[in-house]
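Q: Data: input-v8.cif, mmCIF, C-alpha atoms.
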```cif
data_final
loop_
_atom_site.label_atom_id
_atom_site.label_comp_id
_atom_site.auth_asym_id
_atom_site.auth_seq_id
_atom_site.Cartn_x
_atom_site.Cartn_y
_atom_site.Cartn_z
CA MET A 23 0.00 0.00 0.00
CA THR A 24 2.79 2.39 0.99
CA SER A 25 4.61 1.54 -2.25
CA ASN A 26 1.54 2.44 -4.36
CA VAL A 27 1.12 5.73 -2.55
CA SER A 28 4.77 6.52 -3.09
CA LYS A 29 4.51 5.78 -6.83
CA ALA A 30 1.39 7.93 -7.12
CA ARG A 31 3.17 10.81 -5.42
CA LYS A 32 6.14 10.46 -7.75
CA ILE A 33 3.84 10.44 -10.82
CA LEU A 34 1.96 13.47 -9.53
CA SER A 35 5.24 15.26 -8.86
CA VAL A 36 6.44 14.57 -12.39
CA LEU A 37 3.15 15.76 -13.87
CA LEU A 38 3.26 18.97 -11.85
CA LYS A 39 6.83 19.63 -13.00
CA ILE A 40 5.81 19.06 -16.62
CA ILE A 41 2.84 21.39 -16.26
CA ALA A 42 5.03 24.03 -14.59
CA ALA A 43 7.64 23.71 -17.34
CA LEU A 44 4.99 24.06 -20.04
CA ALA A 45 3.53 27.09 -18.28
CA ILE A 46 6.96 28.71 -18.11
CA LEU A 47 7.54 28.00 -21.82
CA VAL A 48 4.19 29.54 -22.71
CA LEU A 49 4.92 32.62 -20.61
CA LEU A 50 8.37 32.95 -22.16
CA PHE A 51 6.85 32.66 -25.64
CA VAL A 52 4.20 35.30 -24.88
CA ALA A 53 6.82 37.59 -23.33
CA THR A 54 9.07 37.18 -26.37
CA VAL A 55 6.23 37.94 -28.79
CA PHE A 56 5.28 41.00 -26.73
CA ALA A 57 8.86 42.30 -26.54
CA VAL A 58 9.56 41.75 -30.23
CA ASP A 59 6.33 43.52 -31.16
CA ARG A 60 7.06 46.56 -28.99
CA ILE A 61 10.64 46.91 -30.22
CA SER A 62 9.66 46.36 -33.85
CA SER A 63 6.72 48.78 -33.65
CA ALA A 64 8.95 51.54 -32.27
CA SER A 65 11.48 50.94 -35.03
CA GLU A 66 8.86 50.84 -37.78
CA GLN A 67 7.21 54.04 -36.57
CA LYS A 68 10.46 55.90 -37.23
CA LYS A 69 10.60 54.48 -40.78
CA LEU A 70 7.12 55.61 -41.82
CA GLN A 71 7.23 58.07 -44.71
CA PRO A 72 4.47 60.73 -44.80
CA TYR A 73 2.29 60.89 -47.89
CA GLY A 74 -0.68 63.08 -48.73
CA GLN A 75 -1.64 65.99 -46.50
CA GLN A 76 -3.30 66.47 -43.14
CA VAL A 77 -6.61 68.28 -42.72
CA THR A 78 -8.31 69.10 -39.43
CA VAL A 79 -11.64 67.41 -38.72
CA ASP A 80 -13.27 67.68 -35.28
CA GLY A 81 -9.97 68.76 -33.78
CA LYS A 82 -8.11 65.72 -35.11
CA GLN A 83 -5.89 65.16 -38.13
CA MET A 84 -7.24 63.24 -41.13
CA ASN A 85 -4.91 62.25 -43.94
CA VAL A 86 -5.93 62.84 -47.55
CA LEU A 87 -3.99 62.17 -50.73
CA VAL A 88 -4.60 64.44 -53.73
CA GLN A 89 -3.13 63.41 -57.07
CA GLY A 90 -3.74 64.51 -60.67
CA ASP A 91 -4.90 67.69 -62.38
CA GLY A 92 -8.02 66.59 -64.26
CA GLU A 93 -11.02 68.88 -64.53
CA GLU A 94 -13.25 66.32 -62.81
CA THR A 95 -12.54 65.04 -59.31
CA ILE A 96 -12.98 61.54 -57.88
CA VAL A 97 -13.25 61.16 -54.11
CA LEU A 98 -12.10 57.64 -53.27
CA LEU A 99 -13.08 55.84 -50.04
CA PRO A 100 -11.59 52.58 -48.66
CA GLY A 101 -13.03 49.27 -47.55
CA TYR A 102 -12.98 48.13 -43.93
CA GLY A 103 -9.57 47.67 -42.34
CA ASN A 104 -7.57 49.14 -45.21
CA ALA A 105 -4.16 49.80 -43.64
CA ALA A 106 -3.16 52.69 -45.90
CA PRO A 107 -5.73 53.72 -48.53
CA GLY A 108 -3.49 56.37 -50.07
CA LEU A 109 -0.92 53.67 -50.87
CA ASP A 110 -3.24 50.71 -51.39
CA PHE A 111 -5.18 52.50 -54.15
CA GLN A 112 -2.00 53.62 -55.94
CA PRO A 113 -2.30 51.43 -59.09
CA LEU A 114 -5.88 52.66 -59.59
CA ILE A 115 -4.93 56.26 -58.85
CA ASP A 116 -2.14 56.11 -61.44
CA THR A 117 -4.55 54.91 -64.14
CA LEU A 118 -7.18 57.54 -63.30
CA THR A 119 -5.02 60.64 -62.94
CA PRO A 120 -4.40 61.27 -66.65
CA ASP A 121 -8.06 62.35 -66.79
CA TYR A 122 -9.12 63.01 -63.18
CA ARG A 123 -7.97 64.59 -59.99
CA VAL A 124 -8.18 61.81 -57.39
CA VAL A 125 -8.71 62.51 -53.70
CA VAL A 126 -8.24 59.54 -51.35
CA VAL A 127 -9.74 60.11 -47.91
CA GLU A 128 -8.29 58.05 -45.07
CA PRO A 129 -11.00 57.96 -42.38
CA PHE A 130 -10.02 58.13 -38.72
CA GLY A 131 -8.20 54.95 -37.70
CA TYR A 132 -6.96 54.35 -41.25
CA GLY A 133 -3.60 55.05 -42.88
CA LEU A 134 -1.92 58.09 -41.32
CA SER A 135 -5.13 59.56 -39.88
CA ASP A 136 -5.63 59.92 -36.14
CA PRO A 137 -7.73 57.42 -34.18
CA THR A 138 -11.00 58.58 -32.64
CA ASP A 139 -13.30 57.61 -29.79
CA VAL A 140 -16.38 58.88 -31.64
CA GLU A 141 -18.82 56.04 -32.37
CA ARG A 142 -18.41 54.60 -35.86
CA THR A 143 -21.98 55.12 -36.96
CA THR A 144 -22.63 55.83 -40.62
CA GLU A 145 -23.74 59.33 -39.70
CA ASN A 146 -20.50 60.16 -37.89
CA ILE A 147 -18.28 58.62 -40.55
CA VAL A 148 -20.08 60.48 -43.34
CA ASN A 149 -19.92 63.76 -41.40
CA GLU A 150 -16.16 63.37 -40.94
CA ILE A 151 -15.49 62.45 -44.58
CA HIS A 152 -17.59 65.35 -45.81
CA ALA A 153 -15.76 67.74 -43.51
CA ALA A 154 -12.46 66.57 -45.00
CA VAL A 155 -13.82 67.01 -48.53
CA GLN A 156 -15.10 70.49 -47.70
CA SER A 157 -11.72 71.49 -46.27
CA LEU A 158 -10.27 70.88 -49.74
CA GLY A 159 -12.84 73.21 -51.31
CA LEU A 160 -14.53 70.48 -53.36
CA ASP A 161 -18.14 71.10 -54.36
CA ARG A 162 -18.64 68.73 -57.34
CA TYR A 163 -17.12 65.26 -57.58
CA ILE A 164 -17.61 61.59 -58.40
CA LEU A 165 -17.81 59.43 -55.27
CA MET A 166 -15.98 56.10 -55.60
CA ALA A 167 -16.08 53.55 -52.79
CA HIS A 168 -14.78 50.07 -52.05
CA SER A 169 -16.59 47.50 -49.90
CA ILE A 170 -18.10 48.89 -46.65
CA SER A 171 -17.67 52.48 -47.84
CA GLY A 172 -20.37 51.68 -50.39
CA LEU A 173 -22.77 51.43 -47.45
CA TYR A 174 -21.61 54.76 -46.04
CA SER A 175 -21.79 56.29 -49.52
CA LEU A 176 -25.47 55.43 -49.79
CA ASP A 177 -26.10 57.82 -46.93
CA TYR A 178 -23.58 60.30 -48.29
CA VAL A 179 -25.17 60.69 -51.75
CA ASN A 180 -28.59 61.24 -50.21
CA ARG A 181 -27.30 63.93 -47.88
CA TYR A 182 -25.21 65.77 -50.46
CA PRO A 183 -26.98 65.24 -53.81
CA ARG A 184 -25.84 68.62 -55.17
CA GLU A 185 -22.19 67.67 -54.71
CA VAL A 186 -22.00 64.06 -55.94
CA THR A 187 -22.23 63.84 -59.74
CA ALA A 188 -22.00 60.03 -59.92
CA PHE A 189 -21.29 57.01 -57.74
CA VAL A 190 -18.82 54.24 -58.59
CA GLY A 191 -18.87 51.12 -56.43
CA LEU A 192 -15.81 48.85 -56.26
CA ASP A 193 -17.34 45.58 -55.10
CA SER A 194 -19.23 47.80 -52.68
CA SER A 195 -21.37 46.56 -49.81
CA VAL A 196 -25.15 46.24 -50.16
CA PRO A 197 -27.42 46.94 -47.13
CA SER A 198 -29.55 43.85 -47.83
CA LEU A 199 -26.49 41.61 -47.42
CA SER A 200 -25.82 42.47 -43.80
CA GLU A 201 -22.81 41.52 -41.72
CA GLN A 202 -23.41 39.50 -38.55
CA LYS A 203 -23.99 41.34 -35.30
CA ILE A 204 -20.91 41.68 -33.13
CA GLU A 205 -21.11 42.86 -29.54
CA ALA A 206 -18.51 44.99 -27.80
CA SER A 207 -17.66 42.03 -25.55
CA ASP A 208 -16.83 39.96 -28.64
CA VAL A 209 -13.87 42.16 -29.56
CA ALA A 210 -12.28 42.14 -26.09
CA PRO A 211 -10.21 39.00 -26.86
CA ILE A 212 -9.03 40.68 -30.07
CA ARG A 213 -7.67 43.59 -28.04
CA TRP A 214 -5.71 41.14 -25.85
CA PHE A 215 -4.46 39.39 -28.98
CA ARG A 216 -3.33 42.76 -30.40
CA ASP A 217 -1.86 44.17 -27.21
CA LEU A 218 0.29 41.06 -26.68
CA GLY A 219 1.67 41.40 -30.20
CA PHE A 220 0.08 38.35 -31.78
CA ASP A 221 -1.36 40.41 -34.64
CA ARG A 222 2.23 40.69 -35.89
CA VAL A 223 2.53 36.90 -35.76
CA GLN A 224 -0.76 36.55 -37.65
CA LEU A 225 0.46 38.85 -40.42
CA LYS A 226 3.79 37.05 -40.57
CA LEU A 227 2.02 33.72 -41.15
CA SER A 228 -0.46 35.15 -43.67
CA ALA A 229 0.03 35.41 -47.42
CA ASP A 230 1.21 38.78 -48.70
CA PRO A 231 -1.83 40.39 -50.42
CA TYR A 232 0.48 42.51 -52.62
CA GLU A 233 2.70 39.77 -53.97
CA GLY A 234 2.84 39.77 -57.76
CA LEU A 235 0.86 43.00 -58.12
CA ALA A 236 1.86 46.38 -59.56
CA TYR A 237 3.31 47.89 -56.37
CA ASP A 238 6.93 48.97 -56.03
CA GLU A 239 9.05 47.58 -53.20
CA GLN A 240 9.10 50.79 -51.16
CA THR A 241 5.29 51.10 -51.26
CA VAL A 242 4.87 47.48 -50.19
CA GLU A 243 7.22 48.02 -47.24
CA GLN A 244 5.19 51.06 -46.19
CA LEU A 245 1.96 49.10 -46.55
CA HIS A 246 3.33 46.30 -44.37
CA ARG A 247 4.39 48.76 -41.67
CA LEU A 248 0.97 50.37 -41.61
CA MET A 249 -0.75 46.99 -41.62
CA ARG A 250 1.15 46.10 -38.47
CA ARG A 251 0.43 49.51 -36.90
CA ASN A 252 -3.28 49.80 -37.68
CA MET A 253 -4.48 46.20 -37.49
CA TYR A 254 -7.24 45.80 -34.89
CA ASN A 255 -6.91 49.37 -33.60
CA ASP A 256 -9.72 50.57 -31.33
CA THR A 257 -11.29 52.82 -33.96
CA GLN A 258 -11.65 49.94 -36.41
CA LEU A 259 -12.90 47.56 -33.69
CA ASN A 260 -15.58 50.10 -32.81
CA GLU A 261 -16.52 50.17 -36.50
CA VAL A 262 -16.99 46.39 -36.42
CA VAL A 263 -19.32 46.67 -33.44
CA SER A 264 -21.29 49.44 -35.19
CA MET A 265 -21.48 47.60 -38.50
CA PHE A 266 -24.68 45.63 -37.96
CA GLY A 267 -26.62 48.75 -36.98
CA ASN A 268 -25.18 50.61 -39.95
CA PHE A 269 -26.39 47.88 -42.31
CA GLN A 270 -29.87 47.96 -40.74
CA ALA A 271 -30.06 51.74 -41.18
CA GLY A 272 -28.88 51.42 -44.76
CA GLN A 273 -31.83 49.21 -45.65
CA GLN A 274 -34.05 52.28 -45.38
CA GLN A 275 -32.09 54.09 -48.09
CA SER A 276 -31.70 53.87 -51.86
CA PHE A 277 -29.75 55.68 -54.55
CA PRO A 278 -31.48 58.81 -55.92
CA ALA A 279 -33.04 57.86 -59.25
CA ASP A 280 -31.23 60.65 -61.10
CA LEU A 281 -27.78 59.75 -59.73
CA PRO A 282 -25.64 57.86 -62.28
CA VAL A 283 -24.34 54.64 -60.71
CA LEU A 284 -21.59 52.32 -61.95
CA PHE A 285 -20.74 49.06 -60.19
CA PHE A 286 -17.56 47.05 -60.69
CA LEU A 287 -18.18 43.62 -59.16
CA GLN A 288 -16.31 40.36 -58.85
CA ALA A 289 -17.98 38.00 -61.29
CA HIS A 290 -17.81 34.99 -58.98
CA HIS A 291 -18.30 35.77 -55.30
CA PRO A 292 -16.87 32.86 -53.29
CA ALA A 293 -19.59 32.85 -50.63
CA VAL A 294 -22.59 35.01 -51.58
CA ALA A 295 -24.65 33.83 -54.55
CA GLU A 296 -26.88 36.93 -54.30
CA TRP A 297 -23.96 39.35 -54.68
CA ILE A 298 -24.71 40.42 -58.26
CA PRO A 299 -28.55 40.21 -58.07
CA GLU A 300 -28.64 42.38 -54.94
CA HIS A 301 -26.52 45.04 -56.62
CA GLU A 302 -28.82 44.95 -59.62
CA LYS A 303 -31.77 45.52 -57.29
CA GLN A 304 -30.02 48.59 -55.90
CA ILE A 305 -30.07 50.27 -59.31
CA ALA A 306 -33.44 48.97 -60.53
CA ASN A 307 -34.92 52.48 -60.36
CA SER A 308 -31.82 54.35 -61.51
CA GLU A 309 -32.12 56.33 -64.71
CA GLN A 310 -28.47 55.75 -65.65
CA ALA A 311 -26.71 52.72 -64.20
CA GLU A 312 -24.40 49.93 -65.26
CA VAL A 313 -22.79 46.81 -63.80
CA MET A 314 -19.37 45.66 -64.98
CA LEU A 315 -18.15 42.21 -63.94
CA LEU A 316 -14.47 41.44 -63.47
CA ASP A 317 -12.73 38.10 -63.06
CA ALA A 318 -11.16 39.19 -59.79
CA ASN A 319 -11.42 38.90 -56.02
CA HIS A 320 -12.88 41.47 -53.62
CA TYR A 321 -9.83 43.73 -54.04
CA LEU A 322 -10.41 44.10 -57.76
CA TYR A 323 -8.88 47.60 -57.88
CA ARG A 324 -5.48 46.06 -57.07
CA SER A 325 -5.51 43.57 -59.93
CA HIS A 326 -7.69 45.35 -62.54
CA PRO A 327 -6.99 49.10 -62.27
CA GLN A 328 -6.83 49.58 -66.04
CA GLU A 329 -10.23 48.00 -66.67
CA ILE A 330 -11.79 50.11 -63.91
CA ALA A 331 -10.26 53.36 -65.18
CA GLU A 332 -11.38 52.65 -68.75
CA GLY A 333 -14.87 51.74 -67.53
CA VAL A 334 -15.16 54.97 -65.54
CA ARG A 335 -14.04 57.09 -68.49
CA ALA A 336 -16.51 55.41 -70.85
CA PHE A 337 -19.39 55.68 -68.38
CA MET A 338 -18.76 59.34 -67.62
CA GLN A 339 -18.39 60.12 -71.32
CA GLU A 340 -21.86 58.71 -71.96
CA LEU A 341 -23.29 61.17 -69.43
CA LYS A 342 -22.00 64.22 -71.31
#
```
Can the structure in the file be given as structure tokens, please?

A:
Amino acid sequence: MTSNVSKARKILSVLLKIIAALAILVLLFVATVFAVDRISSASEQKKLQPYGQQVTVDGKQMNVLVQGDGEETIVLLPGYGNAAPGLDFQPLIDTLTPDYRVVVVEPFGYGLSDPTDVERTTENIVNEIHAAVQSLGLDRYILMAHSISGLYSLDYVNRYPREVTAFVGLDSSVPSLSEQKIEASDVAPIRWFRDLGFDRVQLKLSADPYEGLAYDEQTVEQLHRLMRRNMYNDTQLNEVVSMFGNFQAGQQQSFPADLPVLFFLQAHHPAVAEWIPEHEKQIANSEQAEVMLLDANHYLYRSHPQEIAEGVRAFMQELK
């Protein structure tokens, strides 16, 4: 009996030592990830190169990039989580600027713009973007939007119909195809994940979205730095929490019938069979509207900038 008890104690002791060793290894791993992230983030912050210009909105700085000298202006808005819109849109900007002046607005929490604690409702986001546009003295322009900014743009064009001459959607979101509801408590683990530096590990293990595309090496390095800086920041996490309500509000809106609308859509959505039909419903009552399908993924402006630029020119020419 004594021998069995002694063996059990030895086994328990070994197990406890193994568990303690594993716990120490985990803590060392977490501490290493945290330290590497903090050191790397400080180093990368010093290497960031400014681009665009800063405008003041609600007492904070919003970054905007203005390129080109065309008579007509395109205001370009990013999709959710875009690390650096002014750089990410560069291939498309370069193909548009021979004919247009392009203004890329980086909303708060994006690119080089400041973060904000203001709730990310559609109303607040649209107010901030419009304030940035006004600060540049723009009063007539084409509004072009990728992904979730298509939802915000639906509110925008209804509020400022005298300013927006046409809307161009780049695989833009549709209110009827709502995102799932996410509570504030759901993003708390993401903050821990980010604060410990594991977002850097995630990016390191992920495929490079710019590999093989028309971006120069310096731009890609800048994009990577800003991806690591802006990923899961509090402003963007607040936007995620607000997203479901924004989609619900958007279902009460439609494009003005007299607003020309052009959609560029991926021809084969990998998950949503209703992607094209729901966009077609959006423009059912539009007097001038067109849908162009591209053999591309959601980020079609990265891979097909030339087709988009040519499509915009042709569409706008038909309106004259």

Q: Of the candidates A:Ala279, A:Glu94, A:Met314, A:Gln67, which shows the shortest atom-to-atom distance to Met249 (chain A), using only C-alpha atoms?

A: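 Using only C-alpha atoms, the shortest distance to Met249 (chain A) belongs to A:Gln67.
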
Q: Tell me which of A:Glu329, A:Glu128, A:Asp91, A:Asp217 sits closest to Asn104 (chain A), counting all atoms listed in the file.

A: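 Closest candidate: A:Glu128.
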
Q: Take CA of Asp208 (chain A) and CA of Phe266 (chain A) and report the distance between them in Å, one decimal.

A: 13.4 Å

Q: Run the PyMOL selection byres ((chain A and resi 190) around 12) against the file shown and list the residues it catches, as a short mmCIF file (atom, residue, chain, number, x, y, z; two decimals) with C-alpha atoms, keeping the file's coordinate frame.

A:
```cif
data_model
loop_
_atom_site.label_atom_id
_atom_site.label_comp_id
_atom_site.auth_asym_id
_atom_site.auth_seq_id
_atom_site.Cartn_x
_atom_site.Cartn_y
_atom_site.Cartn_z
CA ILE A 96 -12.98 61.54 -57.88
CA VAL A 97 -13.25 61.16 -54.11
CA LEU A 98 -12.10 57.64 -53.27
CA LEU A 99 -13.08 55.84 -50.04
CA TYR A 163 -17.12 65.26 -57.58
CA ILE A 164 -17.61 61.59 -58.40
CA LEU A 165 -17.81 59.43 -55.27
CA MET A 166 -15.98 56.10 -55.60
CA ALA A 167 -16.08 53.55 -52.79
CA HIS A 168 -14.78 50.07 -52.05
CA SER A 169 -16.59 47.50 -49.90
CA SER A 171 -17.67 52.48 -47.84
CA GLY A 172 -20.37 51.68 -50.39
CA SER A 175 -21.79 56.29 -49.52
CA LEU A 176 -25.47 55.43 -49.79
CA VAL A 179 -25.17 60.69 -51.75
CA VAL A 186 -22.00 64.06 -55.94
CA THR A 187 -22.23 63.84 -59.74
CA ALA A 188 -22.00 60.03 -59.92
CA PHE A 189 -21.29 57.01 -57.74
CA GLY A 191 -18.87 51.12 -56.43
CA LEU A 192 -15.81 48.85 -56.26
CA ASP A 193 -17.34 45.58 -55.10
CA SER A 194 -19.23 47.80 -52.68
CA SER A 195 -21.37 46.56 -49.81
CA PHE A 277 -29.75 55.68 -54.55
CA LEU A 281 -27.78 59.75 -59.73
CA PRO A 282 -25.64 57.86 -62.28
CA VAL A 283 -24.34 54.64 -60.71
CA LEU A 284 -21.59 52.32 -61.95
CA PHE A 285 -20.74 49.06 -60.19
CA PHE A 286 -17.56 47.05 -60.69
CA LEU A 287 -18.18 43.62 -59.16
CA ILE A 305 -30.07 50.27 -59.31
CA ALA A 311 -26.71 52.72 -64.20
CA GLU A 312 -24.40 49.93 -65.26
CA VAL A 313 -22.79 46.81 -63.80
CA MET A 314 -19.37 45.66 -64.98
CA TYR A 323 -8.88 47.60 -57.88
CA ILE A 330 -11.79 50.11 -63.91
CA ALA A 331 -10.26 53.36 -65.18
CA GLY A 333 -14.87 51.74 -67.53
CA VAL A 334 -15.16 54.97 -65.54
CA ARG A 335 -14.04 57.09 -68.49
CA PHE A 337 -19.39 55.68 -68.38
CA MET A 338 -18.76 59.34 -67.62
#
```

Q: From the list A:Thr241, A:Ser264, A:Asn255, A:Gln328, which residue is nearest Asn146 (chain A) when using all atoms listed in the file?

A: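 Selected residue with least distance to Asn146 (chain A): A:Ser264.
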
Q: Given all atoms listed in the file as the basis, pick out the residue of A:Arg142, A:His152, A:His291, A:Arg324 nearest to Gly234 (chain A).

A: A:Arg324

Q: Restricting the calculation to only C-alpha atoms: of A:Ala210, A:Val196, A:Glu243, A:Thr117, which residue gets closest to Pro299 (chain A)?

A: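 Nearest candidate to Pro299 (chain A) out of A:Ala210, A:Val196, A:Glu243, A:Thr117: A:Val196.
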
Q: With all atoms listed in the file as the atoms that count, which of A:Gln224, A:Gln240, A:Gln76, A:Gln112 lies nearest to Gln89 (chain A)?

A: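 The answer is A:Gln112, which sits nearest to Gln89 (chain A).
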
Q: Name every residue that the PyMOL selection byres ((chain A and resi 56) around 12) selects in this structure, writing the answer as a short mmCIF file (atom, residue, chain, number, x, y, z; two decimals) with C-alpha atoms, keeping the file's coordinate frame with chains first and numbers rising.

A:
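Saved result, result_3.cif, follows:
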```
data_model
loop_
_atom_site.label_atom_id
_atom_site.label_comp_id
_atom_site.auth_asym_id
_atom_site.auth_seq_id
_atom_site.Cartn_x
_atom_site.Cartn_y
_atom_site.Cartn_z
CA LEU A 49 4.92 32.62 -20.61
CA LEU A 50 8.37 32.95 -22.16
CA PHE A 51 6.85 32.66 -25.64
CA VAL A 52 4.20 35.30 -24.88
CA ALA A 53 6.82 37.59 -23.33
CA THR A 54 9.07 37.18 -26.37
CA VAL A 55 6.23 37.94 -28.79
CA ALA A 57 8.86 42.30 -26.54
CA VAL A 58 9.56 41.75 -30.23
CA ASP A 59 6.33 43.52 -31.16
CA ARG A 60 7.06 46.56 -28.99
CA ILE A 61 10.64 46.91 -30.22
CA SER A 62 9.66 46.36 -33.85
CA SER A 63 6.72 48.78 -33.65
CA TRP A 214 -5.71 41.14 -25.85
CA PHE A 215 -4.46 39.39 -28.98
CA ARG A 216 -3.33 42.76 -30.40
CA ASP A 217 -1.86 44.17 -27.21
CA LEU A 218 0.29 41.06 -26.68
CA GLY A 219 1.67 41.40 -30.20
CA PHE A 220 0.08 38.35 -31.78
CA ASP A 221 -1.36 40.41 -34.64
CA ARG A 222 2.23 40.69 -35.89
CA VAL A 223 2.53 36.90 -35.76
#
```

Q: For a quick check of your reading of the model, name the residues lying within 12 Å of the coordinate (-21.5, 51.2, -35.9), counting all atoms listed in the file, and write them as a ChimeraX atom specification.

A: /A:140-148,170,173-174,201,203-206,257-272

Q: Give me the residues near Glu93 (chain A) as an MDAnalysis selection string, where near means some atom within 8 Å (using all atoms listed in the file) and where sequence neighbours in that chain fewer than 4 positions away do not count.

A: chainID A and resid 121:123

Q: Next, the residues of the selection above should be written as an mmCIF file, in the coordinates of the input with C-alpha atoms.

A:
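Result file is selection27.cif:
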```cif
data_model
loop_
_atom_site.group_PDB
_atom_site.id
_atom_site.type_symbol
_atom_site.label_atom_id
_atom_site.label_comp_id
_atom_site.auth_asym_id
_atom_site.auth_seq_id
_atom_site.Cartn_x
_atom_site.Cartn_y
_atom_site.Cartn_z
ATOM 1 C CA ASP A 121 -8.060 62.350 -66.790
ATOM 2 C CA TYR A 122 -9.120 63.010 -63.180
ATOM 3 C CA ARG A 123 -7.970 64.590 -59.990
#
```

Q: Going by the chain IDs and residue numbers used in this file, which residues fall under the PyMOL selection byres ((chain A and resi 233) around 12)? Write them as a list in words.

A: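 Answer for the PyMOL selection byres ((chain A and resi 233) around 12): Ser228, Ala229, Asp230, Pro231, Tyr232, Gly234, Leu235, Ala236, Tyr237, Asp238, Glu239, Thr241, Val242, Glu243, Leu245, His246, Arg324 and Ser325 of chain A.
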
Q: Counting only C-alpha atoms, which residues sit no farther than 7 Å from the position (-6.6, 48.2, -41.1) in the file's frame? I'd like them as a ChimeraX atom specification.

A: /A:102-105,132,249,252-254

Q: Around all listed atoms of region 89-96 of chain A, padded 4 Å per side, what centre and edge lengths does the axis-aligned box have in Å to one decimal, as JSON?

A:
```
{"center_x": -8.2, "center_y": 65.2, "center_z": -60.8, "size_x": 18.1, "size_y": 15.3, "size_z": 15.5}
```

Q: So the first atom is CA of Gly92 (chain A) and the second is CA of Ala318 (chain A); what is the distance between them in Å, to one decimal place?

A: 27.9 Å

Q: Quick one: distance from CA of Asn149 (chain A) to CA of Arg181 (chain A) in Å, one decimal?

A: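 So the answer is 9.8 Å.
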
Q: Give me, as an MDAnalysis selection string, all polymer residues having an atom no more than 8 Å from Met84 (chain A), counting only C-alpha atoms and skipping those fewer than 5 positions away in the same chain.

A: chainID A and resid 76:79 127:130 134:136 154

Q: Write out the residues from the selection above, keeping C-alpha atoms, as a PDB file, keeping the file's coordinate frame.

A:
```
ATOM      1  CA  GLN A  76      -3.300  66.470 -43.140  1.00  0.00           C
ATOM      2  CA  VAL A  77      -6.610  68.280 -42.720  1.00  0.00           C
ATOM      3  CA  THR A  78      -8.310  69.100 -39.430  1.00  0.00           C
ATOM      4  CA  VAL A  79     -11.640  67.410 -38.720  1.00  0.00           C
ATOM      5  CA  VAL A 127      -9.740  60.110 -47.910  1.00  0.00           C
ATOM      6  CA  GLU A 128      -8.290  58.050 -45.070  1.00  0.00           C
ATOM      7  CA  PRO A 129     -11.000  57.960 -42.380  1.00  0.00           C
ATOM      8  CA  PHE A 130     -10.020  58.130 -38.720  1.00  0.00           C
ATOM      9  CA  LEU A 134      -1.920  58.090 -41.320  1.00  0.00           C
ATOM     10  CA  SER A 135      -5.130  59.560 -39.880  1.00  0.00           C
ATOM     11  CA  ASP A 136      -5.630  59.920 -36.140  1.00  0.00           C
ATOM     12  CA  ALA A 154     -12.460  66.570 -45.000  1.00  0.00           C
TER      13      ALA A 154
END
```
